[in-house]
Amino acid sequence: MENILSGVKPTGQLTLGNYIGALRNFPKYQNGEDHVFVFIADLHALTLPIEPETLYNNTRDIVAFYLACGLDPTKASIFLQSQVPAHSELATILGNYAYMGEMSRMTQFKEKSSKLNEKKIGLGLFTYPVLMAADIILYDAKKVPVGEDQKQHVELARDLVIRFNHQYKQDVFVLPEPVISTSGARIMSLSDPTKKMSKSDANGDIFLKDDPAVARKKIMRAVTDLGSEVKYDKENKPGISNLLVIYSSLKEISIEEAEKEFEGLRYGDFKKAVADVVCAKLEELQTKYKEVIESGIIDKVLEKGAKEASLIANETLKRVKKVIGLYGAK
Ligand code: ATP
Ligand code: LTN
């Protein structure tokens, strides 16, 4: 049996990128022996300015979409990071084993901080990967399914585990591993296919809550490339390649199979087919999302999840405290 853990931060409305790169993969793990922990990284959402109401509403929405995507609260533990205080406590401890140099090399930190006034870069943004390492380590998680952009953070968590275990000469922590799906791990923006589709960036992205008619327009207007052949070529045809990834991921076929389907067809016909599969998926998810919201189960799901998560998180914390010599840890 293995523990699988992942999370999403409630910084905005979920995008199709979040769905393909992360959410749709979570339920795959819940039916076997493994224990799945899926949480909302609400403390991480504070690392950039956010209105309280937005944070609150985004959080509820993500839980509803977790359930809409097929996560089953009787099989997986679904919870909020802020409702399990062990996350903050372990992060405080782990911060002493992480180096300033490695934090400043994190791509996400460099990208997000470059958009801020230099004097207003929060410490939380800098130490983001330490809290993320705590999230993972607390649950003895072996597998961490994430999109490509989070790989570096999971690797940092690995480095901390190795460093910590080496320093105390015992296997205190389990070594985690990022699981990045082979297709759809980096969905690009429809208006600029050289940029990642991202929920905090309102342009050119498809949101899971978009009206399907609006989503269809965005796809029909998506930036494409010179030429007319529907072929995967990331360098020369980034727009078409991105649409091919979206299409093949949602249809669960290979890129080659998708290319064959559109042999001899024009970009316009291809875009229409992409819009059809995306809209069908949005309709399916939105119907389930509405059912979840109307059922009023969100608070109960979170309460149950936090209880289950706390059990294992507190055990890990106790183990760490004992190893490092904190008085009173038995
Ligand atoms: P933000 O814009 O606030 O940085 P985000 O849209 O990048 O947010 P995250 O909360 O950072 O979303 O990511 C949630 C999960 O979705 C992570 O596993 C991340 O790797 C994945 N993910 C995010 N964007 C994409 C994308 N464009 N393609 C594939 N996976 C993605
Ligand atoms: N940083 C992640 C969210 C996140 C996460 C985690 C993912 C916070 N802690 C632990 C996996 C495991 C992101 O999606 N931006």
# chains A, B, ... in the order shown; residues from 1 in each chain; ligands from 1
>>> residues_around(residues="Ile312 in chain A", least_positions_apart="3", cutoff="8 Å", atoms="only C-alpha atoms", output="VMD selection string")
chain A and resid 138 to 139 308 to 309 315 to 316
>>> write_last_selection(atoms="all heavy atoms", output="mmCIF file, in the first residue's frame")
data_model
loop_
_atom_site.group_PDB
_atom_site.id
_atom_site.type_symbol
_atom_site.label_atom_id
_atom_site.label_comp_id
_atom_site.auth_asym_id
_atom_site.auth_seq_id
_atom_site.Cartn_x
_atom_site.Cartn_y
_atom_site.Cartn_z
ATOM 1 N N LEU A 138 4.372 14.921 5.464
ATOM 2 C CA LEU A 138 3.470 14.571 6.574
ATOM 3 C C LEU A 138 2.702 13.278 6.323
ATOM 4 O O LEU A 138 2.308 12.583 7.257
ATOM 5 C CB LEU A 138 2.437 15.682 6.779
ATOM 6 C CG LEU A 138 2.852 16.868 7.613
ATOM 7 C CD1 LEU A 138 1.719 17.885 7.634
ATOM 8 C CD2 LEU A 138 3.192 16.464 9.050
ATOM 9 N N TYR A 139 2.433 12.992 5.045
ATOM 10 C CA TYR A 139 1.578 11.838 4.724
ATOM 11 C C TYR A 139 2.384 10.642 4.227
ATOM 12 O O TYR A 139 1.808 9.725 3.637
ATOM 13 C CB TYR A 139 0.492 12.272 3.715
ATOM 14 C CG TYR A 139 -0.340 13.366 4.347
ATOM 15 C CD1 TYR A 139 -0.023 14.708 4.151
ATOM 16 C CD2 TYR A 139 -1.355 13.052 5.237
ATOM 17 C CE1 TYR A 139 -0.725 15.710 4.805
ATOM 18 C CE2 TYR A 139 -2.061 14.043 5.899
ATOM 19 C CZ TYR A 139 -1.729 15.374 5.693
ATOM 20 O OH TYR A 139 -2.411 16.355 6.360
ATOM 21 N N GLU A 308 -9.256 12.553 9.153
ATOM 22 C CA GLU A 308 -8.421 11.461 8.634
ATOM 23 C C GLU A 308 -6.990 11.935 8.414
ATOM 24 O O GLU A 308 -6.023 11.249 8.754
ATOM 25 C CB GLU A 308 -8.999 10.945 7.301
ATOM 26 C CG GLU A 308 -10.312 10.222 7.477
ATOM 27 C CD GLU A 308 -11.097 10.048 6.167
ATOM 28 O OE1 GLU A 308 -10.633 10.534 5.108
ATOM 29 O OE2 GLU A 308 -12.174 9.440 6.218
ATOM 30 N N ALA A 309 -6.858 13.129 7.842
ATOM 31 C CA ALA A 309 -5.528 13.654 7.549
ATOM 32 C C ALA A 309 -4.755 13.916 8.843
ATOM 33 O O ALA A 309 -3.561 13.594 8.943
ATOM 34 C CB ALA A 309 -5.651 14.938 6.731
ATOM 35 N N GLU A 315 0.935 11.958 13.673
ATOM 36 C CA GLU A 315 1.878 10.860 13.931
ATOM 37 C C GLU A 315 3.258 11.199 13.371
ATOM 38 O O GLU A 315 4.286 11.002 14.024
ATOM 39 C CB GLU A 315 1.379 9.562 13.264
ATOM 40 C CG GLU A 315 0.355 8.788 14.078
ATOM 41 C CD GLU A 315 0.844 8.488 15.498
ATOM 42 O OE1 GLU A 315 1.974 7.990 15.625
ATOM 43 O OE2 GLU A 315 0.089 8.773 16.451
ATOM 44 N N THR A 316 3.266 11.701 12.137
ATOM 45 C CA THR A 316 4.549 12.044 11.503
ATOM 46 C C THR A 316 5.243 13.158 12.298
ATOM 47 O O THR A 316 6.449 13.094 12.556
ATOM 48 C CB THR A 316 4.337 12.521 10.049
ATOM 49 O OG1 THR A 316 3.520 11.575 9.385
ATOM 50 C CG2 THR A 316 5.649 12.703 9.309
#
>>> closest_atom_pairs(of="chain A", to="ligand 2", cutoff="6 Å", atoms="only C-alpha atoms and all ligand atoms", output="Markdown table")
| residue | atom | partner | partner_atom_place_in_ligand_line | distance |
| --- | --- | --- | --- | --- |
| A:Leu5 | CA | ligand 2 | 12 (C) | 6.0 |
| A:Ser6 | CA | ligand 2 | 11 (C) | 3.8 |
| A:Gly7 | CA | ligand 2 | 7 (C) | 4.1 |
| A:Val8 | CA | ligand 2 | 3 (C) | 4.3 |
| A:Lys9 | CA | ligand 2 | 3 (C) | 5.2 |
| A:Ala41 | CA | ligand 2 | 8 (C) | 5.1 |
| A:Met132 | CA | ligand 2 | 9 (N) | 4.1 |
| A:Asp135 | CA | ligand 2 | 10 (C) | 5.2 |
| A:Ile136 | CA | ligand 2 | 10 (C) | 5.3 |
| A:Val144 | CA | ligand 2 | 11 (C) | 5.9 |
>>> residues_around(residues="Ala22 in chain A", least_positions_apart="4", cutoff="8 Å", atoms="only C-alpha atoms", output="NGL selection string")
:A and (17-18 or 26 or 145-147 or 185)
>>> write_last_selection(atoms="N, CA and C atoms", output="PDB file, in the first residue's frame")
ATOM      1  N   GLY A  17      -6.371  23.371 -17.981  1.00  0.00           N
ATOM      2  CA  GLY A  17      -5.001  22.907 -17.695  1.00  0.00           C
ATOM      3  C   GLY A  17      -4.941  22.203 -16.352  1.00  0.00           C
ATOM      4  N   ASN A  18      -5.581  22.786 -15.342  1.00  0.00           N
ATOM      5  CA  ASN A  18      -5.614  22.151 -14.016  1.00  0.00           C
ATOM      6  C   ASN A  18      -6.311  20.788 -14.113  1.00  0.00           C
ATOM      7  N   PHE A  26      -6.446  12.384 -10.246  1.00  0.00           N
ATOM      8  CA  PHE A  26      -6.571  12.015  -8.833  1.00  0.00           C
ATOM      9  C   PHE A  26      -7.435  10.770  -8.594  1.00  0.00           C
ATOM     10  N   PRO A 145       1.138  13.142  -7.823  1.00  0.00           N
ATOM     11  CA  PRO A 145       0.746  13.479  -9.204  1.00  0.00           C
ATOM     12  C   PRO A 145       0.539  14.982  -9.377  1.00  0.00           C
ATOM     13  N   VAL A 146       1.340  15.579 -10.237  1.00  0.00           N
ATOM     14  CA  VAL A 146       1.260  17.027 -10.486  1.00  0.00           C
ATOM     15  C   VAL A 146       1.535  17.314 -11.959  1.00  0.00           C
ATOM     16  N   GLY A 147       1.259  18.543 -12.369  1.00  0.00           N
ATOM     17  CA  GLY A 147       1.644  18.983 -13.707  1.00  0.00           C
ATOM     18  C   GLY A 147       3.141  19.285 -13.717  1.00  0.00           C
ATOM     19  N   ALA A 185       0.651  17.334 -19.460  1.00  0.00           N
ATOM     20  CA  ALA A 185       1.244  17.822 -18.221  1.00  0.00           C
ATOM     21  C   ALA A 185       1.496  19.325 -18.264  1.00  0.00           C
TER      22      ALA A 185
END
>>> residues_near_ligand(ligand="ligand 1", cutoff="10 Å", atoms="only C-alpha atoms and all ligand atoms", output="PyMOL selection string")
chain A and resi 6-25+40-42+44-45+47-48+108+111-112+144-151+178-181+183-189+195-202+205+207+246
>>> select_by_dssp(residues="range 101-186 of chain A", states="strand (DSSP E or B)", output="count of residues only")
8
>>> select_by_dssp(residues="range 45-218 of chain A", states="alpha helix (DSSP H)", output="PyMOL selection string")
chain A and resi 45+52-68+86-94+100-104+107-114+123-126+128-137+151-167+212-218
>>> residues_around(residues="Val63 in chain A", least_positions_apart="3", cutoff="9 Å", atoms="only C-alpha atoms", output="MDAnalysis selection string")
chainID A and resid 39:40 58:60 66:68 78:79 298 301:302
>>> write_last_selection(atoms="C-alpha atoms", output="PDB file, in the first residue's frame")
ATOM      1  CA  PHE A  39      -6.174  18.806  -0.324  1.00  0.00           C
ATOM      2  CA  ILE A  40      -6.684  22.477  -1.047  1.00  0.00           C
ATOM      3  CA  ASN A  58     -12.420  29.494  -4.742  1.00  0.00           C
ATOM      4  CA  THR A  59     -11.810  26.982  -1.986  1.00  0.00           C
ATOM      5  CA  ARG A  60     -15.390  25.718  -1.998  1.00  0.00           C
ATOM      6  CA  TYR A  66     -12.746  17.518  -6.935  1.00  0.00           C
ATOM      7  CA  LEU A  67     -16.000  15.643  -6.336  1.00  0.00           C
ATOM      8  CA  ALA A  68     -17.297  16.456  -9.823  1.00  0.00           C
ATOM      9  CA  ILE A  78     -10.236  15.511   0.977  1.00  0.00           C
ATOM     10  CA  PHE A  79      -9.269  18.388   3.250  1.00  0.00           C
ATOM     11  CA  ILE A 298     -18.883  20.175   1.187  1.00  0.00           C
ATOM     12  CA  VAL A 301     -16.518  16.132   3.357  1.00  0.00           C
ATOM     13  CA  LEU A 302     -13.920  18.602   4.642  1.00  0.00           C
TER      14      LEU A 302
END
>>> closest_residue(among="A:Leu175, A:Leu317, A:Leu190, A:Met103", to="Gln152 in chain A", atoms="only C-alpha atoms")
A:Met103
>>> closest_residue(among="A:Asp276, A:Ala141, A:Ser191, A:Leu160", to="Val174 in chain A", atoms="only C-alpha atoms")
A:Ala141
>>> residues_around(residues="range 85-95 of chain A", least_positions_apart="6", cutoff="6 Å", atoms="only C-alpha atoms", output="PyMOL selection string")
chain A and resi 130-131+134-135
>>> write_last_selection(atoms="all heavy atoms", output="mmCIF file, in the first residue's frame")
data_model
loop_
_atom_site.group_PDB
_atom_site.id
_atom_site.type_symbol
_atom_site.label_atom_id
_atom_site.label_comp_id
_atom_site.auth_asym_id
_atom_site.auth_seq_id
_atom_site.Cartn_x
_atom_site.Cartn_y
_atom_site.Cartn_z
ATOM 1 N N VAL A 130 8.950 25.031 0.935
ATOM 2 C CA VAL A 130 9.153 24.359 2.225
ATOM 3 C C VAL A 130 7.803 23.874 2.772
ATOM 4 O O VAL A 130 7.670 22.737 3.240
ATOM 5 C CB VAL A 130 9.838 25.296 3.248
ATOM 6 C CG1 VAL A 130 9.939 24.638 4.607
ATOM 7 C CG2 VAL A 130 11.205 25.715 2.745
ATOM 8 N N LEU A 131 6.798 24.744 2.662
ATOM 9 C CA LEU A 131 5.449 24.335 3.082
ATOM 10 C C LEU A 131 4.970 23.181 2.204
ATOM 11 O O LEU A 131 4.349 22.231 2.688
ATOM 12 C CB LEU A 131 4.492 25.537 2.994
ATOM 13 C CG LEU A 131 3.018 25.278 3.321
ATOM 14 C CD1 LEU A 131 2.834 24.700 4.720
ATOM 15 C CD2 LEU A 131 2.191 26.570 3.190
ATOM 16 N N ALA A 134 6.476 20.059 3.380
ATOM 17 C CA ALA A 134 5.793 19.601 4.592
ATOM 18 C C ALA A 134 4.489 18.885 4.225
ATOM 19 O O ALA A 134 4.170 17.821 4.762
ATOM 20 C CB ALA A 134 5.508 20.785 5.519
ATOM 21 N N ASP A 135 3.740 19.465 3.269
ATOM 22 C CA ASP A 135 2.476 18.848 2.819
ATOM 23 C C ASP A 135 2.699 17.390 2.414
ATOM 24 O O ASP A 135 1.901 16.506 2.728
ATOM 25 C CB ASP A 135 1.932 19.561 1.562
ATOM 26 C CG ASP A 135 1.611 21.032 1.774
ATOM 27 O OD1 ASP A 135 1.385 21.428 2.932
ATOM 28 O OD2 ASP A 135 1.593 21.779 0.764
#
>>> residues_around(residues="Tyr247 in chain A", least_positions_apart="6", cutoff="8 Å", atoms="only C-alpha atoms", output="PyMOL selection string")
chain A and resi 258+274+277-278
>>> closest_residue(among="A:Lys169, A:Lys209, A:Lys304, A:Arg319", to="Leu282 in chain A", atoms="only C-alpha atoms")
A:Lys209
>>> atom_distance(atom1="CA of Leu326 in chain A", atom2="CA of Tyr168 in chain A")
13.7 Å
>>> atom_distance(atom1="CA of Gly124 in chain A", atom2="CA of Leu43 in chain A")
9.2 Å
>>> atom_distance(atom1="CA of Val172 in chain A", atom2="CA of Leu156 in chain A")
16.6 Å
>>> closest_residue(among="A:Ser82, A:Lys251, A:Pro73, A:Ala275", to="Val214 in chain A", atoms="only C-alpha atoms")
A:Ala275
>>> closest_residue(among="A:Glu229, A:Glu252, A:Glu2, A:Asp299", to="His35 in chain A", atoms="only C-alpha atoms")
A:Glu2
>>> decode(residues="range 218-230 of chain A", atoms="all heavy atoms", output="CSV table (one decimal), in the first residue's frame")
chain,number,residue,atom,x,y,z
A,218,LYS,N,-13.5,30.8,-27.6
A,218,LYS,CA,-12.1,30.9,-27.3
A,218,LYS,C,-11.3,29.9,-28.1
A,218,LYS,O,-10.2,30.2,-28.6
A,218,LYS,CB,-11.9,30.6,-25.8
A,218,LYS,CG,-12.4,31.7,-24.8
A,218,LYS,CD,-12.0,31.4,-23.4
A,218,LYS,CE,-12.6,32.4,-22.4
A,218,LYS,NZ,-12.4,32.0,-21.0
A,219,ILE,N,-11.9,28.7,-28.3
A,219,ILE,CA,-11.1,27.7,-29.1
A,219,ILE,C,-11.1,28.1,-30.5
A,219,ILE,O,-10.0,28.0,-31.2
A,219,ILE,CB,-11.7,26.3,-28.9
A,219,ILE,CG1,-11.5,25.9,-27.4
A,219,ILE,CG2,-11.1,25.3,-29.8
A,219,ILE,CD1,-12.3,24.7,-27.0
A,220,MET,N,-12.2,28.5,-31.0
A,220,MET,CA,-12.3,28.9,-32.5
A,220,MET,C,-11.3,30.1,-32.7
A,220,MET,O,-10.8,30.2,-33.8
A,220,MET,CB,-13.7,29.3,-32.9
A,220,MET,CG,-14.7,28.1,-32.8
A,220,MET,SD,-14.1,26.5,-33.6
A,220,MET,CE,-14.2,26.8,-35.3
A,221,ARG,N,-11.1,30.9,-31.7
A,221,ARG,CA,-10.2,32.1,-31.8
A,221,ARG,C,-8.8,31.8,-31.4
A,221,ARG,O,-7.9,32.7,-31.5
A,221,ARG,CB,-10.7,33.2,-31.0
A,221,ARG,CG,-11.6,34.2,-31.7
A,221,ARG,CD,-11.8,35.5,-30.9
A,221,ARG,NE,-13.0,35.5,-30.2
A,221,ARG,CZ,-13.1,35.6,-28.8
A,221,ARG,NH1,-12.1,35.7,-28.1
A,221,ARG,NH2,-14.3,35.6,-28.3
A,222,ALA,N,-8.5,30.6,-31.0
A,222,ALA,CA,-7.2,30.2,-30.5
A,222,ALA,C,-6.1,30.5,-31.5
A,222,ALA,O,-6.3,30.3,-32.7
A,222,ALA,CB,-7.1,28.8,-30.1
A,223,VAL,N,-5.0,31.0,-31.1
A,223,VAL,CA,-3.9,31.3,-32.0
A,223,VAL,C,-3.4,30.0,-32.6
A,223,VAL,O,-3.1,29.0,-31.9
A,223,VAL,CB,-2.7,31.9,-31.2
A,223,VAL,CG1,-1.4,32.0,-32.0
A,223,VAL,CG2,-3.1,33.3,-30.7
A,224,THR,N,-3.3,30.0,-33.9
A,224,THR,CA,-2.8,28.8,-34.6
A,224,THR,C,-1.5,29.2,-35.3
A,224,THR,O,-1.0,30.3,-35.1
A,224,THR,CB,-3.8,28.1,-35.5
A,224,THR,OG1,-4.4,29.1,-36.3
A,224,THR,CG2,-4.8,27.3,-34.8
A,225,ASP,N,-1.1,28.4,-36.2
A,225,ASP,CA,0.3,28.6,-36.8
A,225,ASP,C,0.2,28.7,-38.3
A,225,ASP,O,-0.8,28.4,-38.9
A,225,ASP,CB,1.2,27.5,-36.3
A,225,ASP,CG,0.9,27.1,-34.9
A,225,ASP,OD1,1.4,27.8,-34.0
A,225,ASP,OD2,0.2,26.1,-34.7
A,226,LEU,N,1.3,29.0,-38.9
A,226,LEU,CA,1.4,29.0,-40.4
A,226,LEU,C,1.2,27.5,-40.9
A,226,LEU,O,1.4,26.6,-40.1
A,226,LEU,CB,2.8,29.5,-40.8
A,226,LEU,CG,3.1,31.0,-40.6
A,226,LEU,CD1,4.5,31.3,-41.0
A,226,LEU,CD2,2.1,31.8,-41.4
A,227,GLY,N,0.9,27.4,-42.1
A,227,GLY,CA,0.7,26.1,-42.7
A,227,GLY,C,-0.8,25.7,-42.5
A,227,GLY,O,-1.6,26.4,-42.0
A,228,SER,N,-1.1,24.4,-42.9
A,228,SER,CA,-2.5,24.0,-42.8
A,228,SER,C,-2.6,22.6,-42.3
A,228,SER,O,-3.7,22.1,-42.1
A,228,SER,CB,-3.1,24.1,-44.2
A,228,SER,OG,-2.4,23.2,-45.1
A,229,GLU,N,-1.4,21.9,-42.1
A,229,GLU,CA,-1.5,20.5,-41.7
A,229,GLU,C,-1.7,20.4,-40.1
A,229,GLU,O,-1.0,21.1,-39.4
A,229,GLU,CB,-0.1,19.9,-42.1
A,229,GLU,CG,-0.2,18.4,-42.4
A,229,GLU,CD,1.1,17.9,-42.7
A,229,GLU,OE1,2.1,18.7,-42.8
A,229,GLU,OE2,1.3,16.7,-42.7
A,230,VAL,N,-2.6,19.5,-39.7
A,230,VAL,CA,-2.7,19.3,-38.3
A,230,VAL,C,-1.7,18.3,-37.8
A,230,VAL,O,-1.9,17.0,-37.9
A,230,VAL,CB,-4.2,18.8,-38.0
A,230,VAL,CG1,-4.3,18.5,-36.5
A,230,VAL,CG2,-5.2,19.8,-38.5
